[in-house]
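Note: the block below is protein22.tsv and it holds TSV, C-alpha atoms.
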chain	number	residue	atom	x	y	z
A	26	MET	CA	4.43	-14.65	-40.04
A	27	PRO	CA	1.23	-14.57	-42.06
A	28	ASN	CA	1.60	-15.50	-45.66
A	29	GLU	CA	-1.66	-14.34	-47.04
A	30	THR	CA	-1.77	-13.10	-50.58
A	31	PHE	CA	-1.67	-9.36	-50.70
A	32	GLN	CA	-4.04	-7.62	-53.01
A	33	PRO	CA	-3.64	-3.95	-53.86
A	34	PRO	CA	-6.28	-1.82	-52.14
A	35	ALA	CA	-9.41	-1.22	-54.06
A	36	VAL	CA	-10.09	2.01	-52.23
A	37	VAL	CA	-7.43	3.98	-50.40
A	38	VAL	CA	-8.82	5.41	-47.16
A	39	GLU	CA	-6.85	7.98	-45.24
A	40	ARG	CA	-6.25	6.40	-41.88
A	41	ARG	CA	-3.73	7.23	-39.21
A	42	PRO	CA	-3.07	4.78	-36.38
A	43	ILE	CA	-5.09	5.66	-33.26
A	44	HIS	CA	-2.40	4.52	-30.87
A	45	ALA	CA	-0.02	7.17	-32.18
A	46	LEU	CA	-1.99	9.65	-30.08
A	47	LEU	CA	-1.39	7.72	-26.87
A	48	VAL	CA	2.11	6.27	-27.12
A	49	PRO	CA	3.93	9.53	-26.26
A	50	PHE	CA	2.62	9.28	-22.68
A	51	PRO	CA	4.25	5.94	-21.75
A	52	ILE	CA	7.36	6.82	-23.76
A	53	VAL	CA	7.87	10.05	-21.82
A	54	CYS	CA	6.96	8.45	-18.47
A	55	PHE	CA	9.28	5.44	-18.86
A	56	THR	CA	12.14	7.65	-20.12
A	57	GLY	CA	11.56	9.97	-17.18
A	58	ALA	CA	11.64	6.97	-14.85
A	59	LEU	CA	15.11	6.10	-16.14
A	60	LEU	CA	16.28	9.67	-15.47
A	61	THR	CA	14.84	9.75	-11.94
A	62	ASP	CA	16.29	6.28	-11.30
A	63	ILE	CA	19.72	7.59	-12.29
A	64	ALA	CA	19.16	10.62	-10.07
A	65	TYR	CA	18.32	8.35	-7.13
A	66	TRP	CA	21.30	6.11	-7.86
A	67	ARG	CA	23.63	9.11	-7.73
A	68	THR	CA	22.05	10.95	-4.76
A	69	ALA	CA	20.20	8.33	-2.66
A	70	GLU	CA	17.50	10.97	-2.26
A	71	MET	CA	14.16	9.18	-1.68
A	72	MET	CA	12.28	11.83	-3.63
A	73	TRP	CA	13.73	10.50	-6.89
A	74	ALA	CA	12.73	6.91	-6.19
A	75	ASP	CA	9.21	8.14	-5.42
A	76	PHE	CA	9.18	10.03	-8.72
A	77	SER	CA	10.18	6.85	-10.52
A	78	ALA	CA	7.33	4.92	-8.93
A	79	TRP	CA	4.77	7.54	-9.97
A	80	LEU	CA	6.18	7.77	-13.50
A	81	LEU	CA	6.03	4.01	-13.88
A	82	THR	CA	2.46	3.91	-12.61
A	83	PHE	CA	1.16	6.59	-14.95
A	84	GLY	CA	3.27	5.24	-17.80
A	85	LEU	CA	1.63	1.86	-17.30
A	86	ALA	CA	-1.86	3.36	-17.11
A	87	PHE	CA	-1.43	5.17	-20.43
A	88	GLY	CA	0.62	2.29	-21.80
A	89	VAL	CA	-2.29	-0.09	-21.37
A	90	LEU	CA	-4.58	2.33	-23.22
A	91	ALA	CA	-1.98	2.74	-25.97
A	92	ALA	CA	-1.59	-1.04	-26.18
A	93	LEU	CA	-5.34	-1.53	-26.60
A	94	ALA	CA	-5.43	1.11	-29.33
A	95	GLY	CA	-2.31	-0.38	-30.89
A	96	LEU	CA	-3.75	-3.89	-30.92
A	97	PHE	CA	-6.91	-2.52	-32.48
A	98	ASP	CA	-4.81	-0.83	-35.18
A	99	PHE	CA	-2.79	-3.99	-35.64
A	100	PHE	CA	-5.68	-6.37	-36.04
A	101	THR	CA	-7.70	-4.07	-38.25
A	102	ASN	CA	-4.82	-3.40	-40.63
A	103	ARG	CA	-3.95	-6.43	-42.70
A	104	LEU	CA	-1.11	-4.63	-44.41
A	105	VAL	CA	0.74	-4.02	-41.14
A	106	ARG	CA	0.25	-7.66	-40.19
A	107	HIS	CA	1.66	-8.61	-43.54
A	108	TYR	CA	5.07	-7.21	-42.61
A	109	SER	CA	7.27	-8.92	-40.04
A	110	ARG	CA	8.21	-5.42	-38.85
A	111	GLY	CA	4.60	-4.96	-37.80
A	112	TRP	CA	4.79	-8.06	-35.64
A	113	LEU	CA	8.12	-6.95	-34.19
A	114	HIS	CA	6.66	-3.55	-33.34
A	115	MET	CA	3.69	-5.16	-31.62
A	116	ILE	CA	5.64	-7.78	-29.68
A	117	GLY	CA	8.38	-5.33	-28.73
A	118	ASN	CA	5.91	-2.86	-27.27
A	119	ILE	CA	4.13	-5.56	-25.31
A	120	ALA	CA	7.53	-6.56	-23.94
A	121	VAL	CA	8.03	-2.92	-22.90
A	122	LEU	CA	4.77	-3.05	-20.94
A	123	VAL	CA	5.51	-6.41	-19.31
A	124	LEU	CA	9.00	-5.31	-18.27
A	125	SER	CA	7.55	-2.10	-16.88
A	126	VAL	CA	5.02	-4.03	-14.81
A	127	PHE	CA	7.94	-5.94	-13.27
A	128	ASN	CA	9.79	-2.67	-12.85
A	129	ALA	CA	6.85	-1.12	-11.03
A	130	PHE	CA	6.81	-4.07	-8.63
A	131	ILE	CA	10.56	-3.73	-8.08
A	132	HIS	CA	9.95	-0.09	-7.26
A	133	THR	CA	7.55	-1.06	-4.47
A	134	ARG	CA	10.53	-2.24	-2.46
A	135	ASP	CA	11.85	0.12	0.13
A	136	ALA	CA	14.77	2.48	-0.41
A	137	TRP	CA	17.97	1.45	-2.18
A	138	THR	CA	16.98	-1.96	-3.55
A	139	SER	CA	13.82	-0.49	-5.06
A	140	VAL	CA	16.08	1.07	-7.69
A	141	VAL	CA	19.63	-0.23	-7.57
A	142	PRO	CA	20.45	-2.39	-9.38
A	143	THR	CA	17.34	-4.20	-10.68
A	144	GLY	CA	14.99	-1.24	-11.11
A	145	LEU	CA	17.62	0.91	-12.79
A	146	THR	CA	18.58	-1.93	-15.14
A	147	LEU	CA	14.95	-2.60	-16.09
A	148	SER	CA	14.35	1.12	-16.72
A	149	ALA	CA	17.38	1.26	-19.03
A	150	VAL	CA	16.38	-1.92	-20.89
A	151	VAL	CA	12.87	-0.53	-21.37
A	152	VAL	CA	14.21	2.73	-22.82
A	153	VAL	CA	16.52	0.89	-25.25
A	154	LEU	CA	13.66	-1.39	-26.26
A	155	MET	CA	11.37	1.61	-26.79
A	156	ILE	CA	13.94	3.23	-29.09
A	157	VAL	CA	14.02	0.04	-31.17
A	158	THR	CA	10.25	-0.44	-31.34
A	159	ALA	CA	9.61	3.25	-32.01
A	160	SER	CA	11.98	3.24	-34.97
A	161	ILE	CA	10.34	0.10	-36.31
A	162	GLY	CA	6.96	1.78	-35.88
A	163	ARG	CA	8.27	4.82	-37.65
A	164	SER	CA	9.39	2.70	-40.59
A	165	LEU	CA	5.87	1.24	-40.72
A	166	ALA	CA	4.30	4.66	-40.86
A	167	THR	CA	5.55	5.37	-44.35
A	168	PRO	CA	2.99	6.97	-46.67
A	169	GLU	CA	2.75	3.65	-48.44
A	170	LEU	CA	1.35	2.04	-45.31
A	171	ALA	CA	0.00	4.65	-42.98
A	172	GLY	CA	-3.03	5.86	-44.81
A	173	VAL	CA	-4.10	2.60	-46.26
A	174	ASN	CA	-6.97	0.63	-44.90
A	175	ARG	CA	-6.71	-2.92	-46.28
B	1	MET	CA	-15.83	-7.00	40.66
B	2	ARG	CA	-16.63	-5.77	37.22
B	3	ILE	CA	-14.71	-6.72	34.18
B	4	SER	CA	-15.70	-4.73	31.20
B	5	ASN	CA	-15.81	-6.17	27.75
B	6	PRO	CA	-13.34	-3.77	26.14
B	7	THR	CA	-10.72	-4.64	28.70
B	8	GLY	CA	-11.02	-8.32	27.97
B	9	ARG	CA	-10.82	-7.63	24.31
B	10	LEU	CA	-7.71	-5.55	24.73
B	11	GLN	CA	-6.12	-8.17	26.88
B	12	ARG	CA	-6.95	-10.85	24.40
B	13	MET	CA	-5.61	-8.74	21.58
B	14	SER	CA	-2.35	-8.11	23.35
B	15	ALA	CA	-2.09	-11.79	24.21
B	16	VAL	CA	-2.52	-12.65	20.56
B	17	MET	CA	0.05	-10.07	19.57
B	18	LEU	CA	2.51	-11.41	22.12
B	19	LEU	CA	1.96	-14.91	20.87
B	20	SER	CA	2.53	-13.95	17.26
B	21	ALA	CA	5.62	-11.96	18.23
B	22	THR	CA	6.96	-15.04	19.95
B	23	ALA	CA	6.14	-17.21	16.97
B	24	LEU	CA	7.87	-14.76	14.68
B	25	SER	CA	11.00	-14.55	16.75
B	26	LEU	CA	11.05	-18.31	17.08
B	27	ALA	CA	10.78	-18.69	13.33
B	28	ALA	CA	13.48	-16.11	12.78
B	29	CYS	CA	15.89	-17.80	15.16
B	30	SER	CA	15.19	-21.35	14.16
B	31	ASP	CA	18.41	-21.63	12.15
B	32	ASP	CA	20.96	-20.95	14.82
B	33	ALA	CA	18.85	-20.41	17.90
B	34	ALA	CA	21.00	-22.87	19.80
B	35	ASP	CA	24.15	-20.80	19.59
B	36	PRO	CA	23.77	-17.32	21.10
B	37	SER	CA	27.46	-16.62	20.58
B	38	THR	CA	26.79	-16.03	16.87
B	39	GLN	CA	24.46	-13.20	17.79
B	40	ILE	CA	26.67	-11.12	20.03
B	41	GLY	CA	30.00	-9.43	19.59
B	42	PRO	CA	31.34	-7.23	16.83
B	43	ASN	CA	30.41	-9.61	13.99
B	44	PRO	CA	26.97	-11.06	14.69
B	45	THR	CA	25.44	-13.40	12.14
B	46	LEU	CA	22.73	-11.42	10.43
B	47	PRO	CA	19.99	-12.95	8.33
B	48	GLU	CA	20.30	-12.37	4.62
B	49	PRO	CA	18.03	-9.58	3.36
B	50	GLN	CA	15.08	-10.97	1.44
B	51	GLN	CA	13.97	-9.36	-1.78
B	52	TYR	CA	10.54	-9.79	-3.24
B	53	LEU	CA	8.78	-9.03	-6.46
B	54	ILE	CA	5.26	-8.64	-5.13
B	55	PRO	CA	5.20	-7.05	-1.69
B	56	PRO	CA	4.31	-9.59	0.99
B	57	MET	CA	0.87	-8.88	2.36
B	58	ASN	CA	-0.46	-10.70	5.41
B	59	LEU	CA	-3.69	-9.17	6.54
B	60	ALA	CA	-5.26	-9.95	9.87
B	61	LYS	CA	-8.88	-10.93	9.63
B	62	VAL	CA	-11.30	-8.87	11.67
B	63	VAL	CA	-13.18	-11.23	13.95
B	64	GLY	CA	-14.92	-9.03	16.50
B	65	TRP	CA	-17.36	-10.13	19.16
B	66	THR	CA	-20.71	-11.65	18.42
B	67	LYS	CA	-23.82	-10.45	20.19
B	68	ASP	CA	-23.60	-12.30	23.51
B	69	GLU	CA	-20.00	-13.44	23.40
B	70	THR	CA	-17.89	-12.53	26.39
B	71	PRO	CA	-14.43	-13.39	27.62
B	72	THR	CA	-14.28	-16.27	30.08
B	73	VAL	CA	-13.75	-15.22	33.65
B	74	PRO	CA	-12.70	-17.33	36.64
B	75	GLN	CA	-15.36	-18.98	38.71
B	76	GLY	CA	-17.16	-16.66	41.06
B	77	LEU	CA	-16.78	-13.67	38.82
B	78	GLN	CA	-19.23	-12.16	36.39
B	79	ILE	CA	-18.59	-10.26	33.24
B	80	HIS	CA	-20.86	-7.71	31.59
B	81	ALA	CA	-20.23	-5.18	28.89
B	82	MET	CA	-20.18	-1.70	30.40
B	83	ALA	CA	-20.37	-0.09	27.01
B	84	SER	CA	-20.49	-1.13	23.42
B	85	ASP	CA	-20.61	0.64	20.08
B	86	LEU	CA	-17.32	2.30	20.81
B	87	SER	CA	-15.19	3.38	17.90
B	88	HIS	CA	-11.64	2.04	18.03
B	89	PRO	CA	-11.31	1.91	21.85
B	90	ARG	CA	-7.63	1.48	22.57
B	91	SER	CA	-7.14	2.09	26.24
B	92	LEU	CA	-9.07	2.38	29.46
B	93	TYR	CA	-8.40	4.37	32.55
B	94	THR	CA	-10.28	4.12	35.81
B	95	LEU	CA	-10.41	7.34	37.74
B	96	PRO	CA	-10.15	7.41	41.54
B	97	ASN	CA	-13.93	7.93	41.86
B	98	GLY	CA	-14.68	4.84	39.77
B	99	ASP	CA	-15.44	6.59	36.50
B	100	VAL	CA	-13.98	4.88	33.46
B	101	LEU	CA	-12.38	6.77	30.64
B	102	VAL	CA	-12.40	5.01	27.28
B	103	ILE	CA	-9.77	6.39	24.95
B	104	GLU	CA	-10.92	5.94	21.36
B	105	SER	CA	-8.16	6.49	18.92
B	106	GLN	CA	-7.61	6.06	15.22
B	107	GLY	CA	-5.23	7.37	12.64
B	108	PRO	CA	-6.65	10.61	11.28
B	109	GLY	CA	-6.01	9.53	7.71
B	110	THR	CA	-3.95	12.60	6.96
B	111	GLU	CA	-0.67	10.84	6.29
B	112	PRO	CA	0.84	12.04	3.02
B	113	ILE	CA	0.70	9.67	0.08
B	114	LYS	CA	4.25	9.63	-1.17
B	115	ARG	CA	4.12	6.90	-3.76
B	116	PRO	CA	1.61	4.62	-5.47
B	117	LYS	CA	2.28	1.84	-3.00
B	118	ASP	CA	0.89	4.02	-0.18
B	119	LEU	CA	-2.51	4.15	-1.87
B	120	ILE	CA	-2.72	0.38	-2.16
B	121	MET	CA	-1.32	-0.15	1.32
B	122	GLY	CA	-3.85	2.24	2.82
B	123	PHE	CA	-6.69	0.44	1.10
B	124	LEU	CA	-5.52	-2.99	2.22
B	125	GLN	CA	-4.94	-1.82	5.78
B	126	SER	CA	-8.42	-0.36	5.91
B	127	LEU	CA	-9.71	-3.87	5.18
B	128	SER	CA	-8.18	-5.19	8.37
B	129	SER	CA	-9.39	-2.30	10.50
B	130	SER	CA	-12.28	-3.05	12.76
B	131	GLY	CA	-15.52	-1.19	12.43
B	132	THR	CA	-15.46	-0.83	8.69
B	133	GLY	CA	-18.68	0.36	7.27
B	134	GLU	CA	-20.43	2.99	9.32
B	135	LYS	CA	-18.24	5.86	10.37
B	136	LYS	CA	-18.58	6.63	14.02
B	137	PRO	CA	-16.80	9.54	15.69
B	138	THR	CA	-13.50	8.51	17.13
B	139	ASN	CA	-10.36	10.25	18.42
B	140	GLN	CA	-12.23	11.12	21.55
B	141	ILE	CA	-12.45	10.09	25.20
B	142	THR	CA	-15.73	8.72	26.48
B	143	LEU	CA	-16.57	8.86	30.18
B	144	LEU	CA	-18.62	6.08	31.73
B	145	ARG	CA	-20.04	6.71	35.18
B	146	ASP	CA	-21.40	3.86	37.22
B	147	ALA	CA	-22.09	5.56	40.52
B	148	ASP	CA	-24.15	2.81	42.14
B	149	GLY	CA	-21.74	0.05	41.15
B	150	ASP	CA	-24.26	-2.29	39.52
B	151	GLY	CA	-22.14	-2.71	36.43
B	152	VAL	CA	-24.39	-0.61	34.24
B	153	PRO	CA	-23.16	2.94	33.77
B	154	GLU	CA	-25.85	5.55	34.29
B	155	THR	CA	-24.19	8.19	32.21
B	156	ARG	CA	-22.09	7.98	29.12
B	157	THR	CA	-20.69	11.25	27.87
B	158	VAL	CA	-17.98	12.37	25.51
B	159	PHE	CA	-15.38	13.73	27.84
B	160	LEU	CA	-12.98	15.16	25.23
B	161	ASP	CA	-13.29	15.11	21.50
B	162	HIS	CA	-11.48	16.39	18.42
B	163	LEU	CA	-8.26	14.82	19.65
B	164	ALA	CA	-5.40	13.67	17.50
B	165	ARG	CA	-4.76	9.99	18.07
B	166	PRO	CA	-5.08	10.16	21.87
B	167	SER	CA	-3.11	7.61	23.82
B	168	ALA	CA	-3.44	6.49	27.39
B	169	SER	CA	-2.20	9.28	29.60
B	170	PRO	CA	-2.66	10.14	33.24
B	171	TRP	CA	-6.02	11.85	33.62
B	172	SER	CA	-4.43	14.81	35.30
B	173	ALA	CA	-2.35	15.42	32.20
B	174	MET	CA	-5.42	15.13	30.02
B	175	ILE	CA	-7.33	17.67	32.03
B	176	SER	CA	-4.43	20.06	32.09
B	177	THR	CA	-4.08	19.98	28.33
B	178	SER	CA	-7.79	20.35	27.64
B	179	PRO	CA	-9.17	21.46	25.25
B	180	THR	CA	-6.11	21.30	23.02
B	181	PRO	CA	-5.32	17.86	21.64
B	182	MET	CA	-3.12	15.66	23.66
B	183	ARG	CA	0.21	14.66	22.37
B	184	SER	CA	0.02	12.73	19.20
B	185	SER	CA	1.53	9.31	19.44
B	186	VAL	CA	3.30	9.74	16.12
B	187	THR	CA	4.85	12.99	15.08
B	188	PRO	CA	5.27	13.08	11.30
B	189	THR	CA	8.46	15.05	11.32
B	190	ARG	CA	10.92	12.37	10.27
B	191	ARG	CA	12.17	12.75	6.78
B	192	GLU	CA	12.96	9.14	6.14
B	193	ARG	CA	10.36	6.46	5.89
B	194	PRO	CA	9.53	4.88	9.23
B	195	ARG	CA	9.72	1.33	7.99
Final C-alpha cells representation of the file:
Amino acid sequence: MPNETFQPPAVVVERRPIHALLVPFPIVCFTGALLTDIAYWRTAEMMWADFSAWLLTFGLAFGVLAALAGLFDFFTNRLVRHYSRGWLHMIGNIAVLVLSVFNAFIHTRDAWTSVVPTGLTLSAVVVVLMIVTASIGRSLATPELAGVNR
Amino acid sequence: MRISNPTGRLQRMSAVMLLSATALSLAACSDDAADPSTQIGPNPTLPEPQQYLIPPMNLAKVVGWTKDETPTVPQGLQIHAMASDLSHPRSLYTLPNGDVLVIESQGPGTEPIKRPKDLIMGFLQSLSSSGTGEKKPTNQITLLRDADGDGVPETRTVFLDHLARPSASPWSAMISTSPTPMRSSVTPTRRERPR
C-alpha cells in the first residue's frame, strides 16, 4: 500500500466518481445472470441459459467501460489510493470482471454444462464478490472522501 | 466426353470430406479400436465428454481454383470448364437432352441469433465460405445448354431463382413445384439446438 504523506487539501473541489454512473449496468446484468442461471438449473429451459449469455455479454461490455472510468477515478484521486480499502475496491472489481469473462466463456458451451455447475458457481461467486466490493466502495464514498480532489 | 469443372471440384471436395471423416473416426477409435466388443451391447464404452473454456474453432481455408487450374483426367480425356463465376454451386443435374442444371445454394442468412456465440460463429463461418467479397445472386438454378456438344455452352440462363436453399432434386419435381421454392433442406422448426 502506498505510504505517501497525506497533506490536507488546499482547495476542496466537489467531485463525484465518474464510474458510479456506469457500475449499475454490470451489477444488474451479473445479478440477473445469476437469477437466469438458477432458472435454467431448475427448469433446463434453454431460454434461460441464452438469457444468461446475453446478460454476461452486456454486463462485460458496460463493465469494461465502468472499469476504465473507475481506474481513471482511482489514479486521479490520491486520497482513495491512500486507503487500503480503495485498493481492495479496485482489485475486487477487476476480479469480478475477470471471473465474468471466464463465466461468459463457460456459457458458450452447449446446454447443461454451459451453466451447471461451473457457470452457476461463477455467477454466484461474482454476485457475492460484487456485494463485498460495492460495500467497500460505499464506505469510500463518505463525504470526507467523495468530493475531495487531492 | 466432357467433364465440367464444377463436377471435379465437387468430387474433390467430397473426397476431401470423406478423407477427413475417416481420419476423425480413426482418431476417435484409436484407444480401443481393436476391440469391437466394447462398442456393442447394452453397456458400450463411451468416450468421456470433453469440456472446454474457449470453444474449439477449426476453420477450413478457402483454396479455390486458380485461373487455368483443372482437375486431372485420365489419358485420352479432356477437361474444360463449362461455366465459371457460379455462386455456391452445390449440385449438378444433366437433363435427358444434355442440358446441365447447376443448383446454386447458400444459407439465406435468416437463422435467428439466439445467443452471443451465434454472432461470433456466423462471422467465423463466413470467413471459410467461398466467394467472400462480391455478392453474386445465389439460391437459384442455372441452365447451361450445349446443343452442338463442343463443350462450350451456347446459352446460359437462370432457370429458377428466388429459391430457398435448393438441393439436388429430380428435374420433374423442380418443374412441378415452379415457381414456388423447392423444399428447403433444413426446416427450422426444431425447438432444441441442432448441435
Determine which residues of chain A sit within 7 Å of chain B, taking into account all atoms listed in the file, and present them as an mmCIF file with C-alpha atoms, keeping the file's coordinate frame.
data_model
loop_
_atom_site.group_PDB
_atom_site.id
_atom_site.type_symbol
_atom_site.label_atom_id
_atom_site.label_comp_id
_atom_site.auth_asym_id
_atom_site.auth_seq_id
_atom_site.Cartn_x
_atom_site.Cartn_y
_atom_site.Cartn_z
ATOM 1 C CA ASP A 75 9.210 8.140 -5.420
ATOM 2 C CA ALA A 78 7.330 4.920 -8.930
ATOM 3 C CA TRP A 79 4.770 7.540 -9.970
ATOM 4 C CA PHE A 130 6.810 -4.070 -8.630
ATOM 5 C CA ILE A 131 10.560 -3.730 -8.080
ATOM 6 C CA THR A 133 7.550 -1.060 -4.470
#
Original post:
What does the distance between CA of Leu124 in chain A and CA of Leu147 in chain A come to in Å, to one decimal place?
Top reply: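 We find that CA of Leu124 in chain A and CA of Leu147 in chain A lie 6.9 Å from each other.
Nearest residue to Phe97 in chain A, choosing from A:Met115, A:Met72, A:Ile63, A:Val126 and counting only C-alpha atoms: A:Met115.
Compared by their closest atoms to Lys67 in chain B, and using all atoms listed in the file, the residues B:Gln50, B:Asp85, B:Gly151, B:Pro36 rank with B:Asp85 nearest.
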**OP:** Please provide the set of residues having any atom within 12 Å of Thr158 in chain A, restricted to only C-alpha atoms, with same-chain residues fewer than 3 positions apart removed, written as a VMD selection string.
**Re:** chain A and resid 48 52 110 to 121 151 to 155 161 to 165
Taking C-alpha atoms for each residue, export the selection above as an mmCIF file, in the coordinates of the input.
data_model
loop_
_atom_site.group_PDB
_atom_site.id
_atom_site.type_symbol
_atom_site.label_atom_id
_atom_site.label_comp_id
_atom_site.auth_asym_id
_atom_site.auth_seq_id
_atom_site.Cartn_x
_atom_site.Cartn_y
_atom_site.Cartn_z
ATOM 1 C CA VAL A 48 2.110 6.270 -27.120
ATOM 2 C CA ILE A 52 7.360 6.820 -23.760
ATOM 3 C CA ARG A 110 8.210 -5.420 -38.850
ATOM 4 C CA GLY A 111 4.600 -4.960 -37.800
ATOM 5 C CA TRP A 112 4.790 -8.060 -35.640
ATOM 6 C CA LEU A 113 8.120 -6.950 -34.190
ATOM 7 C CA HIS A 114 6.660 -3.550 -33.340
ATOM 8 C CA MET A 115 3.690 -5.160 -31.620
ATOM 9 C CA ILE A 116 5.640 -7.780 -29.680
ATOM 10 C CA GLY A 117 8.380 -5.330 -28.730
ATOM 11 C CA ASN A 118 5.910 -2.860 -27.270
ATOM 12 C CA ILE A 119 4.130 -5.560 -25.310
ATOM 13 C CA ALA A 120 7.530 -6.560 -23.940
ATOM 14 C CA VAL A 121 8.030 -2.920 -22.900
ATOM 15 C CA VAL A 151 12.870 -0.530 -21.370
ATOM 16 C CA VAL A 152 14.210 2.730 -22.820
ATOM 17 C CA VAL A 153 16.520 0.890 -25.250
ATOM 18 C CA LEU A 154 13.660 -1.390 -26.260
ATOM 19 C CA MET A 155 11.370 1.610 -26.790
ATOM 20 C CA ILE A 161 10.340 0.100 -36.310
ATOM 21 C CA GLY A 162 6.960 1.780 -35.880
ATOM 22 C CA ARG A 163 8.270 4.820 -37.650
ATOM 23 C CA SER A 164 9.390 2.700 -40.590
ATOM 24 C CA LEU A 165 5.870 1.240 -40.720
#
Subject >> Residues within 10 Å of range 53-56 of chain A, all atoms listed in the file, excluding chain neighbours under 6 positions, as a VMD selection string >> reply: chain A and resid 62 77 79 to 85 87 to 88 121 to 122 125 148 to 149 151 to 153 155
Original post:
What is the CA of Ala159 in chain A-CA of Pro142 in chain A distance in Å, reported with one decimal?
Top reply: 25.7 Å
Original post:
Which of these residues is nearest to Ile43 in chain A, using all atoms listed in the file: A:Leu93, A:Val150, A:Val105, A:Ile156?
Top reply: A:Leu93
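Between Ser84 in chain B and the residues B:Arg165, B:Lys61, B:Arg156, B:Lys135, the shortest atom-to-atom distance, using only C-alpha atoms, involves B:Arg156.
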**OP:** Find the distance between CA of Ile79 in chain B and CA of Leu92 in chain B and write it in Å to one decimal.
**Re:**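 Calculated distance between CA of Ile79 in chain B and CA of Leu92 in chain B is 16.3 Å.
Nearest residue to Thr138 in chain A, choosing from B:Gly122, B:Ala60, B:Leu163, B:Pro49 and counting only C-alpha atoms: B:Pro49.
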Subject >> Of the listed residues A:Val123, A:Leu46, A:Ala94, A:Val141, that which approaches Thr61 in chain A most closely, counting only C-alpha atoms >> reply: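 Checking each candidate against Thr61 in chain A, we get A:Val141 as the closest.
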Repair of range 79-91 of chain A at the level of N, CA and C atoms, as an mmCIF file, keeping the file's coordinate frame:
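This is the output file rebuild.cif:
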data_model
loop_
_atom_site.group_PDB
_atom_site.id
_atom_site.type_symbol
_atom_site.label_atom_id
_atom_site.label_comp_id
_atom_site.auth_asym_id
_atom_site.auth_seq_id
_atom_site.Cartn_x
_atom_site.Cartn_y
_atom_site.Cartn_z
ATOM 1 N N TRP A 79 5.927 6.869 -9.365
ATOM 2 C CA TRP A 79 4.770 7.540 -9.970
ATOM 3 C C TRP A 79 4.845 7.501 -11.487
ATOM 4 N N LEU A 80 6.036 7.771 -12.031
ATOM 5 C CA LEU A 80 6.180 7.770 -13.500
ATOM 6 C C LEU A 80 5.857 6.402 -14.066
ATOM 7 N N LEU A 81 6.320 5.357 -13.389
ATOM 8 C CA LEU A 81 6.030 4.010 -13.880
ATOM 9 C C LEU A 81 4.534 3.727 -13.827
ATOM 10 N N THR A 82 3.887 4.169 -12.747
ATOM 11 C CA THR A 82 2.460 3.910 -12.610
ATOM 12 C C THR A 82 1.663 4.594 -13.717
ATOM 13 N N PHE A 83 1.922 5.878 -13.923
ATOM 14 C CA PHE A 83 1.160 6.590 -14.950
ATOM 15 C C PHE A 83 1.557 6.125 -16.342
ATOM 16 N N GLY A 84 2.848 5.792 -16.516
ATOM 17 C CA GLY A 84 3.270 5.240 -17.800
ATOM 18 C C GLY A 84 2.535 3.952 -18.111
ATOM 19 N N LEU A 85 2.347 3.126 -17.084
ATOM 20 C CA LEU A 85 1.630 1.860 -17.300
ATOM 21 C C LEU A 85 0.151 2.114 -17.596
ATOM 22 N N ALA A 86 -0.436 3.070 -16.874
ATOM 23 C CA ALA A 86 -1.860 3.360 -17.110
ATOM 24 C C ALA A 86 -2.082 3.779 -18.558
ATOM 25 N N PHE A 87 -1.275 4.739 -19.032
ATOM 26 C CA PHE A 87 -1.430 5.170 -20.430
ATOM 27 C C PHE A 87 -0.909 4.111 -21.386
ATOM 28 N N GLY A 88 0.082 3.342 -20.947
ATOM 29 C CA GLY A 88 0.620 2.290 -21.800
ATOM 30 C C GLY A 88 -0.408 1.236 -22.117
ATOM 31 N N VAL A 89 -1.249 0.908 -21.126
ATOM 32 C CA VAL A 89 -2.290 -0.090 -21.370
ATOM 33 C C VAL A 89 -3.292 0.452 -22.387
ATOM 34 N N LEU A 90 -3.670 1.731 -22.241
ATOM 35 C CA LEU A 90 -4.580 2.330 -23.220
ATOM 36 C C LEU A 90 -3.957 2.321 -24.608
ATOM 37 N N ALA A 91 -2.660 2.711 -24.672
ATOM 38 C CA ALA A 91 -1.980 2.740 -25.970
ATOM 39 C C ALA A 91 -1.894 1.338 -26.553
#
